file run_32.cif (mmCIF, C-alpha atoms)
data_final
loop_
_atom_site.label_atom_id
_atom_site.label_comp_id
_atom_site.auth_asym_id
_atom_site.auth_seq_id
_atom_site.Cartn_x
_atom_site.Cartn_y
_atom_site.Cartn_z
CA MET E 12 26.27 20.89 -84.08
CA ASN E 13 29.66 22.17 -85.18
CA ALA E 14 30.15 23.91 -81.83
CA LEU E 15 29.25 20.71 -79.97
CA ARG E 16 31.66 18.72 -82.10
CA ILE E 17 34.45 21.19 -81.38
CA VAL E 18 33.77 20.93 -77.65
CA MET E 19 33.80 17.12 -77.82
CA LEU E 20 37.05 17.08 -79.77
CA PHE E 21 38.57 19.46 -77.21
CA VAL E 22 37.52 17.22 -74.33
CA VAL E 23 38.93 14.12 -76.06
CA SER E 24 42.17 15.96 -76.84
CA MET E 25 42.58 17.09 -73.23
CA SER E 26 41.93 13.57 -71.96
CA LEU E 27 44.50 12.15 -74.40
CA GLN E 28 47.09 14.72 -73.34
CA ALA E 29 46.48 13.89 -69.68
CA GLN E 30 46.95 10.17 -70.31
CA GLU E 31 50.12 10.73 -72.33
CA ARG E 32 51.52 12.92 -69.51
CA ARG E 33 50.95 9.99 -67.14
CA ILE E 34 52.82 7.71 -69.55
CA GLU E 35 55.67 10.23 -69.70
CA ASP E 36 55.77 10.32 -65.89
CA LEU E 37 55.96 6.51 -65.84
CA TYR E 38 59.09 6.53 -68.03
CA LYS E 39 60.66 9.33 -65.99
CA LEU E 40 59.94 7.50 -62.74
CA ASN E 41 61.84 4.48 -64.06
CA ASN E 42 64.62 6.68 -65.51
CA ILE E 43 64.04 5.22 -68.98
CA THR E 44 64.35 6.87 -72.38
CA GLY E 45 62.08 5.22 -74.88
CA SER E 46 59.39 5.37 -77.55
CA LEU E 47 56.01 3.71 -77.14
CA LEU E 48 53.14 3.44 -79.59
CA ILE E 49 49.80 1.80 -78.83
CA GLU E 50 47.07 1.69 -81.49
CA SER E 51 43.54 0.29 -81.61
CA VAL E 52 42.79 -2.29 -84.26
CA ASP E 53 40.62 0.17 -86.21
CA GLY E 54 43.37 2.80 -86.09
CA LYS E 55 41.06 5.41 -84.57
CA ILE E 56 42.81 5.55 -81.19
CA SER E 57 46.54 6.04 -80.78
CA TYR E 58 48.63 6.67 -77.68
CA GLN E 59 52.21 7.82 -78.15
CA HIS E 60 55.25 8.52 -76.04
CA GLN E 61 58.26 10.16 -77.74
CA VAL E 62 57.52 8.61 -81.15
CA ASN E 63 59.68 10.05 -83.93
CA ASP E 64 58.91 8.79 -87.44
CA LYS E 65 62.50 9.34 -88.56
CA GLU E 66 64.05 7.41 -85.67
CA THR E 67 64.87 3.80 -86.58
CA PHE E 68 66.55 0.98 -84.70
CA LEU E 69 67.92 -2.53 -85.09
CA PRO E 70 64.98 -4.93 -84.70
CA ALA E 71 67.11 -7.44 -82.74
CA SER E 72 65.08 -10.50 -81.78
CA THR E 73 61.76 -8.93 -82.77
CA PHE E 74 62.89 -9.92 -86.26
CA LYS E 75 62.19 -13.49 -85.18
CA ILE E 76 58.55 -12.68 -85.96
CA PRO E 77 59.03 -12.30 -89.74
CA ASN E 78 62.03 -14.64 -89.69
CA THR E 79 59.90 -17.49 -88.35
CA LEU E 80 57.47 -17.02 -91.22
CA ILE E 81 60.32 -17.06 -93.74
CA ILE E 82 61.81 -20.25 -92.28
CA LEU E 83 58.44 -22.01 -92.40
CA GLU E 84 57.58 -20.76 -95.90
CA GLU E 85 60.96 -21.93 -97.19
CA GLY E 86 60.24 -25.40 -95.82
CA LEU E 87 63.37 -25.43 -93.65
CA ILE E 88 61.36 -26.70 -90.72
CA LYS E 89 57.94 -28.34 -90.88
CA ASP E 90 56.29 -27.21 -87.65
CA GLN E 91 56.85 -25.76 -84.19
CA SER E 92 57.73 -29.10 -82.60
CA GLU E 93 60.39 -30.37 -85.03
CA ILE E 94 63.73 -30.83 -83.25
CA ILE E 95 66.56 -28.38 -84.00
CA GLN E 96 69.69 -30.26 -82.96
CA TRP E 97 72.13 -28.44 -80.73
CA ASP E 98 75.64 -28.25 -82.20
CA GLY E 99 77.25 -28.91 -78.82
CA LYS E 100 78.80 -25.45 -78.48
CA THR E 101 78.33 -23.89 -75.05
CA ARG E 102 76.85 -20.39 -75.19
CA GLU E 103 76.12 -17.73 -72.58
CA TYR E 104 72.50 -18.71 -71.93
CA ALA E 105 71.92 -22.15 -70.42
CA ARG E 106 68.61 -22.60 -72.22
CA TRP E 107 70.40 -22.36 -75.56
CA ASN E 108 72.72 -25.25 -74.74
CA GLN E 109 70.36 -28.05 -75.72
CA ASP E 110 68.18 -29.23 -78.57
CA GLN E 111 65.43 -26.76 -79.46
CA THR E 112 62.15 -26.64 -81.30
CA LEU E 113 60.93 -23.66 -83.30
CA LYS E 114 58.69 -22.83 -80.35
CA THR E 115 61.49 -22.87 -77.77
CA ALA E 116 63.89 -21.11 -80.14
CA PHE E 117 61.38 -18.28 -80.47
CA GLN E 118 60.52 -18.11 -76.80
CA TYR E 119 64.14 -18.32 -75.60
CA SER E 120 65.37 -16.02 -78.40
CA CYS E 121 67.87 -18.68 -79.41
CA VAL E 122 70.22 -16.82 -81.73
CA TRP E 123 72.18 -19.81 -83.04
CA CYS E 124 68.97 -21.53 -84.18
CA TYR E 125 67.89 -18.63 -86.36
CA GLN E 126 71.44 -18.05 -87.61
CA ARG E 127 71.59 -21.64 -88.84
CA TYR E 128 68.52 -21.10 -91.01
CA ALA E 129 69.57 -17.58 -92.07
CA ARG E 130 72.68 -19.00 -93.76
CA ARG E 131 70.48 -21.40 -95.70
CA ILE E 132 68.00 -18.71 -96.74
CA GLY E 133 70.66 -16.35 -98.06
CA ASP E 134 70.74 -12.67 -98.94
CA GLU E 135 68.73 -12.80 -102.16
CA LYS E 136 65.71 -14.50 -100.60
CA TYR E 137 65.84 -12.27 -97.52
CA HIS E 138 65.71 -9.18 -99.72
CA SER E 139 62.76 -10.64 -101.58
CA TYR E 140 60.82 -11.27 -98.37
CA LEU E 141 61.71 -7.88 -96.89
CA ARG E 142 60.32 -6.22 -100.01
CA GLN E 143 57.17 -8.34 -99.96
CA PHE E 144 56.66 -7.58 -96.26
CA ASN E 145 57.66 -3.91 -96.75
CA TYR E 146 59.66 -4.41 -93.57
CA GLY E 147 61.77 -1.51 -92.28
CA ASN E 148 64.50 -0.15 -94.55
CA LEU E 149 64.73 -3.46 -96.49
CA LEU E 150 68.49 -3.76 -95.91
CA THR E 151 70.60 -6.64 -94.64
CA GLY E 152 74.37 -6.11 -94.62
CA ASN E 153 77.65 -7.99 -94.84
CA ASP E 154 76.75 -10.87 -92.50
CA ILE E 155 73.51 -12.65 -93.37
CA ALA E 156 73.51 -14.35 -89.97
CA ARG E 157 73.61 -11.10 -88.00
CA PHE E 158 71.90 -8.38 -90.06
CA TRP E 159 69.00 -8.03 -87.59
CA LEU E 160 71.39 -7.91 -84.59
CA ASP E 161 74.14 -5.53 -85.69
CA GLY E 162 73.80 -5.23 -89.47
CA ASP E 163 72.01 -2.70 -91.67
CA LEU E 164 68.35 -3.58 -91.04
CA ARG E 165 66.44 -0.82 -89.24
CA VAL E 166 62.81 -0.41 -88.19
CA SER E 167 60.85 2.36 -86.55
CA VAL E 168 58.25 1.96 -83.84
CA LYS E 169 55.57 2.57 -86.48
CA ASP E 170 57.17 -0.02 -88.79
CA GLN E 171 56.72 -2.61 -86.06
CA ILE E 172 53.03 -1.80 -85.74
CA LYS E 173 52.49 -1.88 -89.51
CA PHE E 174 53.93 -5.38 -89.74
CA LEU E 175 51.99 -6.58 -86.70
CA ARG E 176 48.77 -5.40 -88.33
CA LYS E 177 49.52 -7.52 -91.41
CA LEU E 178 50.31 -10.50 -89.20
CA TYR E 179 47.14 -10.10 -87.15
CA ALA E 180 45.01 -9.82 -90.31
CA GLU E 181 46.96 -12.69 -91.93
CA ASP E 182 47.56 -10.34 -94.85
CA LEU E 183 51.04 -11.54 -95.79
CA PRO E 184 52.40 -13.51 -98.80
CA ILE E 185 52.79 -16.55 -96.55
CA GLN E 186 50.73 -19.72 -96.32
CA GLN E 187 48.00 -19.29 -93.72
CA ARG E 188 49.02 -22.42 -91.83
CA HIS E 189 52.48 -20.93 -91.25
CA ILE E 190 50.98 -17.68 -89.96
CA LYS E 191 48.83 -19.66 -87.54
CA THR E 192 51.91 -21.60 -86.38
CA LEU E 193 53.69 -18.31 -85.66
CA LYS E 194 50.69 -16.96 -83.77
CA SER E 195 50.64 -20.10 -81.65
CA ILE E 196 54.32 -19.59 -80.81
CA MET E 197 53.84 -15.86 -80.11
CA LEU E 198 51.08 -16.32 -77.52
CA SER E 199 52.97 -15.31 -74.40
CA GLU E 200 50.33 -14.54 -71.79
CA GLN E 201 46.67 -15.32 -71.24
CA ASN E 202 44.22 -15.03 -68.40
CA GLU E 203 40.49 -14.46 -67.99
CA HIS E 204 40.83 -10.78 -68.91
CA TYR E 205 43.25 -10.62 -71.84
CA GLN E 206 45.71 -12.42 -74.12
CA VAL E 207 49.08 -11.17 -75.38
CA TRP E 208 51.01 -12.18 -78.51
CA SER E 209 54.50 -10.71 -78.23
CA LYS E 210 58.26 -10.77 -78.71
CA THR E 211 61.10 -9.07 -76.88
CA GLY E 212 64.34 -7.92 -78.45
CA TRP E 213 67.74 -6.79 -77.20
CA SER E 214 70.89 -5.68 -78.98
CA GLY E 215 73.45 -3.64 -77.07
CA LYS E 216 71.70 -0.54 -75.80
CA GLU E 217 68.46 -1.22 -77.65
CA GLY E 218 65.51 -3.09 -76.17
CA TRP E 219 62.10 -3.95 -77.64
CA TYR E 220 58.74 -5.32 -76.62
CA VAL E 221 56.25 -5.61 -79.50
CA GLY E 222 53.00 -7.43 -80.19
CA TYR E 223 49.27 -7.15 -79.72
CA LEU E 224 46.91 -7.47 -76.77
CA VAL E 225 43.32 -8.71 -77.00
CA THR E 226 40.67 -8.09 -74.36
CA ASP E 227 37.05 -9.27 -74.51
CA ASN E 228 36.10 -6.67 -77.09
CA GLN E 229 39.26 -4.82 -78.15
CA THR E 230 42.56 -5.47 -79.91
CA TRP E 231 45.56 -3.18 -79.36
CA PHE E 232 48.91 -3.20 -81.15
CA PHE E 233 51.99 -2.05 -79.25
CA ALA E 234 55.66 -1.37 -79.88
CA ASN E 235 57.96 -0.22 -77.10
CA HIS E 236 61.61 0.63 -77.74
CA ILE E 237 63.80 1.62 -74.79
CA GLU E 238 67.45 2.42 -74.22
CA ILE E 239 69.19 -0.28 -72.16
CA ASP E 240 71.79 1.17 -69.79
CA LYS E 241 71.99 -1.78 -67.42
CA LYS E 242 70.77 -5.37 -67.47
CA SER E 243 68.01 -4.66 -64.96
CA ASP E 244 66.43 -2.34 -67.56
CA LEU E 245 65.49 -5.37 -69.66
CA GLU E 246 62.45 -6.20 -67.53
CA LEU E 247 61.13 -2.68 -68.19
CA ARG E 248 60.56 -3.44 -71.87
CA LYS E 249 57.44 -5.37 -70.95
CA LYS E 250 56.66 -3.76 -67.59
CA LEU E 251 56.38 -0.23 -68.96
CA THR E 252 54.12 -1.46 -71.75
CA MET E 253 51.78 -3.36 -69.44
CA ASP E 254 51.76 -0.54 -66.88
CA THR E 255 50.73 1.81 -69.69
CA PHE E 256 47.82 -0.46 -70.59
CA LYS E 257 46.76 -0.17 -66.94
CA ILE E 258 47.09 3.63 -67.00
CA LEU E 259 44.82 3.64 -70.06
CA ASN E 260 42.31 1.38 -68.28
CA ILE E 261 42.62 -1.18 -71.06
CA ILE E 262 43.55 -3.83 -68.52
CA GLN E 263 43.36 -3.86 -64.72
#
call {"tool": "encode", "arguments": {"input": "run_32.cif", "output": "C-alpha coordinates"}}
result
Amino acid sequence: MNALRIVMLFVVSMSLQAQERRIEDLYKLNNITGSLLIESVDGKISYQHQVNDKETFLPASTFKIPNTLIILEEGLIKDQSEIIQWDGKTREYARWNQDQTLKTAFQYSCVWCYQRYARRIGDEKYHSYLRQFNYGNLLTGNDIARFWLDGDLRVSVKDQIKFLRKLYAEDLPIQQRHIKTLKSIMLSEQNEHYQVWSKTGWSGKEGWYVGYLVTDNQTWFFANHIEIDKKSDLELRKKLTMDTFKILNIIQ
(Lines of atoms letter the chains of each structure in order from A and count residues from 1; the text may use other names and numbers.)
(Lines give C-alpha, C1' and ligand atoms only; values in the text may rest on other atoms or scores of the structure.)
Protein backbone atom coordinates (compact mmCIF):
# COMPACT_ATOMS: atom_id res chain seq x y z
CA MET A 1 0.00 0.00 0.00
CA ASN A 2 2.81 2.39 0.86
CA ALA A 3 4.56 1.62 -2.42
CA LEU A 4 1.34 2.25 -4.36
CA ARG A 5 0.82 5.52 -2.54
CA ILE A 6 4.36 6.62 -3.38
CA VAL A 7 3.79 5.80 -7.05
CA MET A 8 0.51 7.73 -7.07
CA LEU A 9 2.10 10.75 -5.42
CA PHE A 10 4.92 10.62 -7.98
CA VAL A 11 2.45 10.54 -10.87
CA VAL A 12 0.48 13.47 -9.42
CA SER A 13 3.69 15.43 -8.84
CA MET A 14 4.88 14.85 -12.40
CA SER A 15 1.50 15.92 -13.78
CA LEU A 16 1.56 19.08 -11.65
CA GLN A 17 5.07 19.93 -12.81
CA ALA A 18 4.06 19.45 -16.44
CA GLN A 19 1.07 21.77 -16.03
CA GLU A 20 3.14 24.42 -14.27
CA ARG A 21 5.73 24.26 -17.10
CA ARG A 22 2.91 24.98 -19.55
CA ILE A 23 1.88 27.97 -17.43
CA GLU A 24 5.48 29.19 -17.40
CA ASP A 25 5.61 28.84 -21.20
CA LEU A 26 2.41 30.90 -21.45
CA TYR A 27 3.99 33.81 -19.54
CA LYS A 28 7.20 33.56 -21.58
CA LEU A 29 5.26 33.52 -24.83
CA ASN A 30 3.59 36.80 -23.84
CA ASN A 31 6.88 38.24 -22.53
CA ILE A 32 5.34 38.82 -19.10
CA THR A 33 6.92 38.61 -15.67
CA GLY A 34 4.36 37.72 -13.06
CA SER A 35 3.15 35.60 -10.16
CA LEU A 36 0.02 33.48 -10.36
CA LEU A 37 -1.65 31.39 -7.68
CA ILE A 38 -4.74 29.25 -8.22
CA GLU A 39 -6.21 27.22 -5.35
CA SER A 40 -9.19 24.89 -4.99
CA VAL A 41 -11.80 25.80 -2.41
CA ASP A 42 -10.75 22.89 -0.16
CA GLY A 43 -7.10 23.94 -0.40
CA LYS A 44 -5.99 20.50 -1.57
CA ILE A 45 -5.00 21.60 -5.08
CA SER A 46 -2.71 24.52 -5.79
CA TYR A 47 -1.12 25.70 -9.02
CA GLN A 48 1.67 28.26 -8.81
CA HIS A 49 3.80 30.32 -11.14
CA GLN A 50 6.72 32.26 -9.64
CA VAL A 51 5.02 32.74 -6.25
CA ASN A 52 7.34 34.17 -3.61
CA ASP A 53 5.87 34.48 -0.11
CA LYS A 54 8.15 37.41 0.72
CA GLU A 55 7.25 39.41 -2.39
CA THR A 56 4.54 42.01 -1.74
CA PHE A 57 2.94 44.68 -3.89
CA LEU A 58 0.58 47.64 -3.79
CA PRO A 59 -2.96 46.27 -4.04
CA ALA A 60 -4.07 49.16 -6.31
CA SER A 61 -7.74 48.83 -7.24
CA THR A 62 -8.04 45.29 -5.89
CA PHE A 63 -8.33 47.11 -2.56
CA LYS A 64 -11.78 48.17 -3.75
CA ILE A 65 -12.90 44.72 -2.62
CA PRO A 66 -12.32 45.32 1.12
CA ASN A 67 -12.84 49.06 0.69
CA THR A 68 -16.38 48.52 -0.60
CA LEU A 69 -17.19 46.47 2.49
CA ILE A 70 -15.80 49.20 4.75
CA ILE A 71 -17.81 51.93 3.00
CA LEU A 72 -21.02 49.92 3.33
CA GLU A 73 -20.37 48.90 6.95
CA GLU A 74 -19.69 52.53 7.89
CA GLY A 75 -23.06 53.50 6.41
CA LEU A 76 -21.51 55.98 3.97
CA ILE A 77 -23.62 54.60 1.17
CA LYS A 78 -26.75 52.48 1.55
CA ASP A 79 -26.60 50.17 -1.46
CA GLN A 80 -25.07 49.59 -4.88
CA SER A 81 -27.52 51.84 -6.70
CA GLU A 82 -27.28 55.02 -4.58
CA ILE A 83 -26.01 57.94 -6.67
CA ILE A 84 -22.48 59.24 -6.05
CA GLN A 85 -22.54 62.76 -7.45
CA TRP A 86 -19.74 63.74 -9.80
CA ASP A 87 -17.82 66.81 -8.63
CA GLY A 88 -17.59 68.19 -12.17
CA LYS A 89 -13.81 67.76 -12.47
CA THR A 90 -12.71 66.24 -15.76
CA ARG A 91 -10.42 63.24 -15.32
CA GLU A 92 -8.48 61.02 -17.71
CA TYR A 93 -11.14 58.32 -18.10
CA ALA A 94 -14.41 59.38 -19.72
CA ARG A 95 -16.46 56.93 -17.67
CA TRP A 96 -15.36 58.70 -14.48
CA ASN A 97 -16.69 62.06 -15.64
CA GLN A 98 -20.29 61.51 -14.61
CA ASP A 99 -22.41 60.51 -11.64
CA GLN A 100 -21.64 57.00 -10.38
CA THR A 101 -23.18 54.30 -8.26
CA LEU A 102 -21.21 51.96 -6.02
CA LYS A 103 -21.62 49.33 -8.72
CA THR A 104 -20.25 51.50 -11.53
CA ALA A 105 -17.52 52.93 -9.29
CA PHE A 106 -16.33 49.39 -8.60
CA GLN A 107 -16.61 48.19 -12.18
CA TYR A 108 -14.99 51.30 -13.70
CA SER A 109 -12.38 51.49 -10.90
CA CYS A 110 -13.43 55.07 -10.25
CA VAL A 111 -10.64 56.40 -8.05
CA TRP A 112 -12.25 59.71 -7.07
CA CYS A 113 -15.34 57.91 -5.74
CA TYR A 114 -13.37 55.76 -3.33
CA GLN A 115 -11.09 58.66 -2.37
CA ARG A 116 -14.13 60.70 -1.34
CA TYR A 117 -15.19 58.00 1.12
CA ALA A 118 -11.62 57.27 2.25
CA ARG A 119 -11.28 60.82 3.60
CA ARG A 120 -14.47 60.31 5.59
CA ILE A 121 -13.38 56.94 6.98
CA GLY A 122 -10.00 58.19 8.18
CA ASP A 123 -6.77 56.51 9.23
CA GLU A 124 -7.89 55.17 12.60
CA LYS A 125 -10.87 53.26 11.23
CA TYR A 126 -8.88 51.95 8.27
CA HIS A 127 -6.27 50.53 10.62
CA SER A 128 -9.01 48.89 12.66
CA TYR A 129 -10.53 47.22 9.60
CA LEU A 130 -7.15 46.15 8.22
CA ARG A 131 -6.41 44.44 11.53
CA GLN A 132 -9.82 42.77 11.65
CA PHE A 133 -9.43 41.58 8.05
CA ASN A 134 -5.75 40.67 8.63
CA TYR A 135 -5.17 42.31 5.27
CA GLY A 136 -1.61 42.56 3.95
CA ASN A 137 0.94 44.46 6.04
CA LEU A 138 -1.82 46.50 7.78
CA LEU A 139 -0.19 49.83 6.85
CA THR A 140 -1.63 52.96 5.27
CA GLY A 141 0.72 55.94 4.95
CA ASN A 142 0.73 59.72 4.78
CA ASP A 143 -2.21 60.15 2.39
CA ILE A 144 -5.37 58.33 3.45
CA ALA A 145 -6.85 58.84 -0.02
CA ARG A 146 -3.99 57.10 -1.83
CA PHE A 147 -2.49 54.48 0.51
CA TRP A 148 -3.64 51.57 -1.68
CA LEU A 149 -2.34 53.26 -4.87
CA ASP A 150 1.10 54.55 -3.89
CA GLY A 151 1.19 54.49 -0.09
CA ASP A 152 2.48 51.91 2.38
CA LEU A 153 -0.10 49.13 2.03
CA ARG A 154 1.32 45.93 0.55
CA VAL A 155 -0.14 42.49 -0.16
CA SER A 156 1.28 39.26 -1.48
CA VAL A 157 -0.38 36.95 -3.98
CA LYS A 158 -1.18 34.60 -1.08
CA ASP A 159 -2.63 37.50 0.95
CA GLN A 160 -5.09 38.14 -1.86
CA ILE A 161 -6.24 34.51 -1.82
CA LYS A 162 -6.57 34.47 1.98
CA PHE A 163 -8.88 37.48 1.91
CA LEU A 164 -10.90 36.10 -1.01
CA ARG A 165 -11.49 32.90 0.96
CA LYS A 166 -12.94 34.92 3.85
CA LEU A 167 -15.13 36.86 1.44
CA TYR A 168 -16.38 33.72 -0.31
CA ALA A 169 -17.20 32.06 3.03
CA GLU A 170 -18.70 35.34 4.34
CA ASP A 171 -16.37 34.97 7.30
CA LEU A 172 -15.66 38.67 7.88
CA PRO A 173 -16.69 41.12 10.65
CA ILE A 174 -19.12 42.75 8.22
CA GLN A 175 -22.90 42.53 8.02
CA GLN A 176 -23.89 39.70 5.69
CA ARG A 177 -26.09 41.95 3.57
CA HIS A 178 -23.07 44.13 2.77
CA ILE A 179 -21.01 41.09 1.78
CA LYS A 180 -23.80 39.98 -0.54
CA THR A 181 -23.94 43.48 -2.06
CA LEU A 182 -20.20 43.31 -2.77
CA LYS A 183 -20.53 39.86 -4.32
CA SER A 184 -23.28 41.16 -6.58
CA ILE A 185 -20.99 44.00 -7.72
CA MET A 186 -18.01 41.66 -8.18
CA LEU A 187 -19.79 39.25 -10.54
CA SER A 188 -17.97 40.06 -13.77
CA GLU A 189 -18.63 37.13 -16.09
CA GLN A 190 -21.13 34.32 -16.36
CA ASN A 191 -22.11 31.77 -18.96
CA GLU A 192 -23.49 28.24 -19.01
CA HIS A 193 -20.13 26.79 -17.94
CA TYR A 194 -18.78 29.09 -15.23
CA GLN A 195 -19.11 32.34 -13.26
CA VAL A 196 -16.34 34.74 -12.24
CA TRP A 197 -16.24 37.22 -9.35
CA SER A 198 -13.22 39.47 -9.86
CA LYS A 199 -11.39 42.79 -9.71
CA THR A 200 -8.50 44.20 -11.70
CA GLY A 201 -5.88 46.58 -10.36
CA TRP A 202 -3.20 48.81 -11.84
CA SER A 203 -0.66 51.16 -10.29
CA GLY A 204 2.38 52.15 -12.32
CA LYS A 205 4.19 48.97 -13.28
CA GLU A 206 1.98 46.71 -11.18
CA GLY A 207 -1.12 44.94 -12.49
CA TRP A 208 -3.56 42.58 -10.77
CA TYR A 209 -6.43 40.27 -11.56
CA VAL A 210 -7.93 38.56 -8.49
CA GLY A 211 -11.13 36.74 -7.61
CA TYR A 212 -12.76 33.34 -7.74
CA LEU A 213 -14.22 31.17 -10.48
CA VAL A 214 -17.09 28.72 -10.00
CA THR A 215 -17.89 25.86 -12.36
CA ASP A 216 -20.71 23.35 -11.96
CA ASN A 217 -18.94 21.49 -9.18
CA GLN A 218 -15.76 23.40 -8.31
CA THR A 219 -14.66 26.74 -6.89
CA TRP A 220 -11.18 28.13 -7.58
CA PHE A 221 -9.51 31.21 -6.09
CA PHE A 222 -6.98 33.10 -8.19
CA ALA A 223 -4.56 35.98 -7.85
CA ASN A 224 -2.41 37.10 -10.77
CA HIS A 225 0.16 39.90 -10.40
CA ILE A 226 2.11 40.99 -13.48
CA GLU A 227 4.62 43.68 -14.33
CA ILE A 228 3.16 46.31 -16.66
CA ASP A 229 5.71 47.59 -19.17
CA LYS A 230 3.25 49.00 -21.69
CA LYS A 231 -0.46 49.74 -21.72
CA SER A 232 -1.23 46.75 -23.94
CA ASP A 233 -0.02 44.50 -21.10
CA LEU A 234 -3.10 45.41 -19.08
CA GLU A 235 -5.34 42.99 -20.97
CA LEU A 236 -2.96 40.17 -20.03
CA ARG A 237 -3.90 40.43 -16.35
CA LYS A 238 -7.14 38.61 -17.09
CA LYS A 239 -6.14 36.80 -20.28
CA LEU A 240 -3.21 34.93 -18.73
CA THR A 241 -5.41 33.88 -15.81
CA MET A 242 -8.22 32.58 -17.99
CA ASP A 243 -5.80 30.90 -20.40
CA THR A 244 -4.28 29.13 -17.40
CA PHE A 245 -7.70 27.84 -16.37
CA LYS A 246 -7.98 26.42 -19.89
CA ILE A 247 -4.52 24.82 -19.67
CA LEU A 248 -5.65 23.16 -16.42
CA ASN A 249 -8.87 21.95 -18.09
CA ILE A 250 -10.93 23.77 -15.47
CA ILE A 251 -12.76 25.64 -18.22
CA GLN A 252 -12.88 25.10 -21.98
call {"tool": "residues_around", "arguments": {"input": "run_32.cif", "residues": "region 237-241 of chain E", "least_positions_apart": "6", "cutoff": "6 Å", "atoms": "all atoms listed in the file", "output": "list in words"}}
result
Thr44, Gly45, Lys216, Glu217 and Gly218 of chain E
call {"tool": "write_last_selection", "arguments": {"input": "run_32.cif", "atoms": "C-alpha atoms", "output": "short mmCIF file (atom, residue, chain, number, x, y, z; two decimals), in the coordinates of the input"}}
result
data_model
loop_
_atom_site.label_atom_id
_atom_site.label_comp_id
_atom_site.auth_asym_id
_atom_site.auth_seq_id
_atom_site.Cartn_x
_atom_site.Cartn_y
_atom_site.Cartn_z
CA THR E 44 64.35 6.87 -72.38
CA GLY E 45 62.08 5.22 -74.88
CA LYS E 216 71.70 -0.54 -75.80
CA GLU E 217 68.46 -1.22 -77.65
CA GLY E 218 65.51 -3.09 -76.17
#
call {"tool": "closest_residue", "arguments": {"input": "run_32.cif", "among": "E:Gln171, E:Ser214, E:Thr151, E:Gln96", "to": "Ala129 (chain E)", "atoms": "only C-alpha atoms"}}
result
E:Thr151
call {"tool": "atom_distance", "arguments": {"input": "run_32.cif", "atom1": "CA of Glu31 (chain E)", "atom2": "CA of Ile261 (chain E)"}}
result
14.1 Å
call {"tool": "residues_around", "arguments": {"input": "run_32.cif", "residues": "region 58-60 of chain E", "least_positions_apart": "4", "cutoff": "8 Å", "atoms": "all atoms listed in the file", "output": "list in words"}}
result
Leu27, Glu31, Ile34, Glu35, Gly45, Ser46, Leu47, Leu48, Ile49 and Glu50 of chain E
call {"tool": "residues_around", "arguments": {"input": "run_32.cif", "residues": "Lys89 (chain E)", "least_positions_apart": "4", "cutoff": "12 Å", "atoms": "all atoms listed in the file", "output": "MDAnalysis selection string"}}
result
chainID E and resid 79:85 93:95 112:114 188:189 192
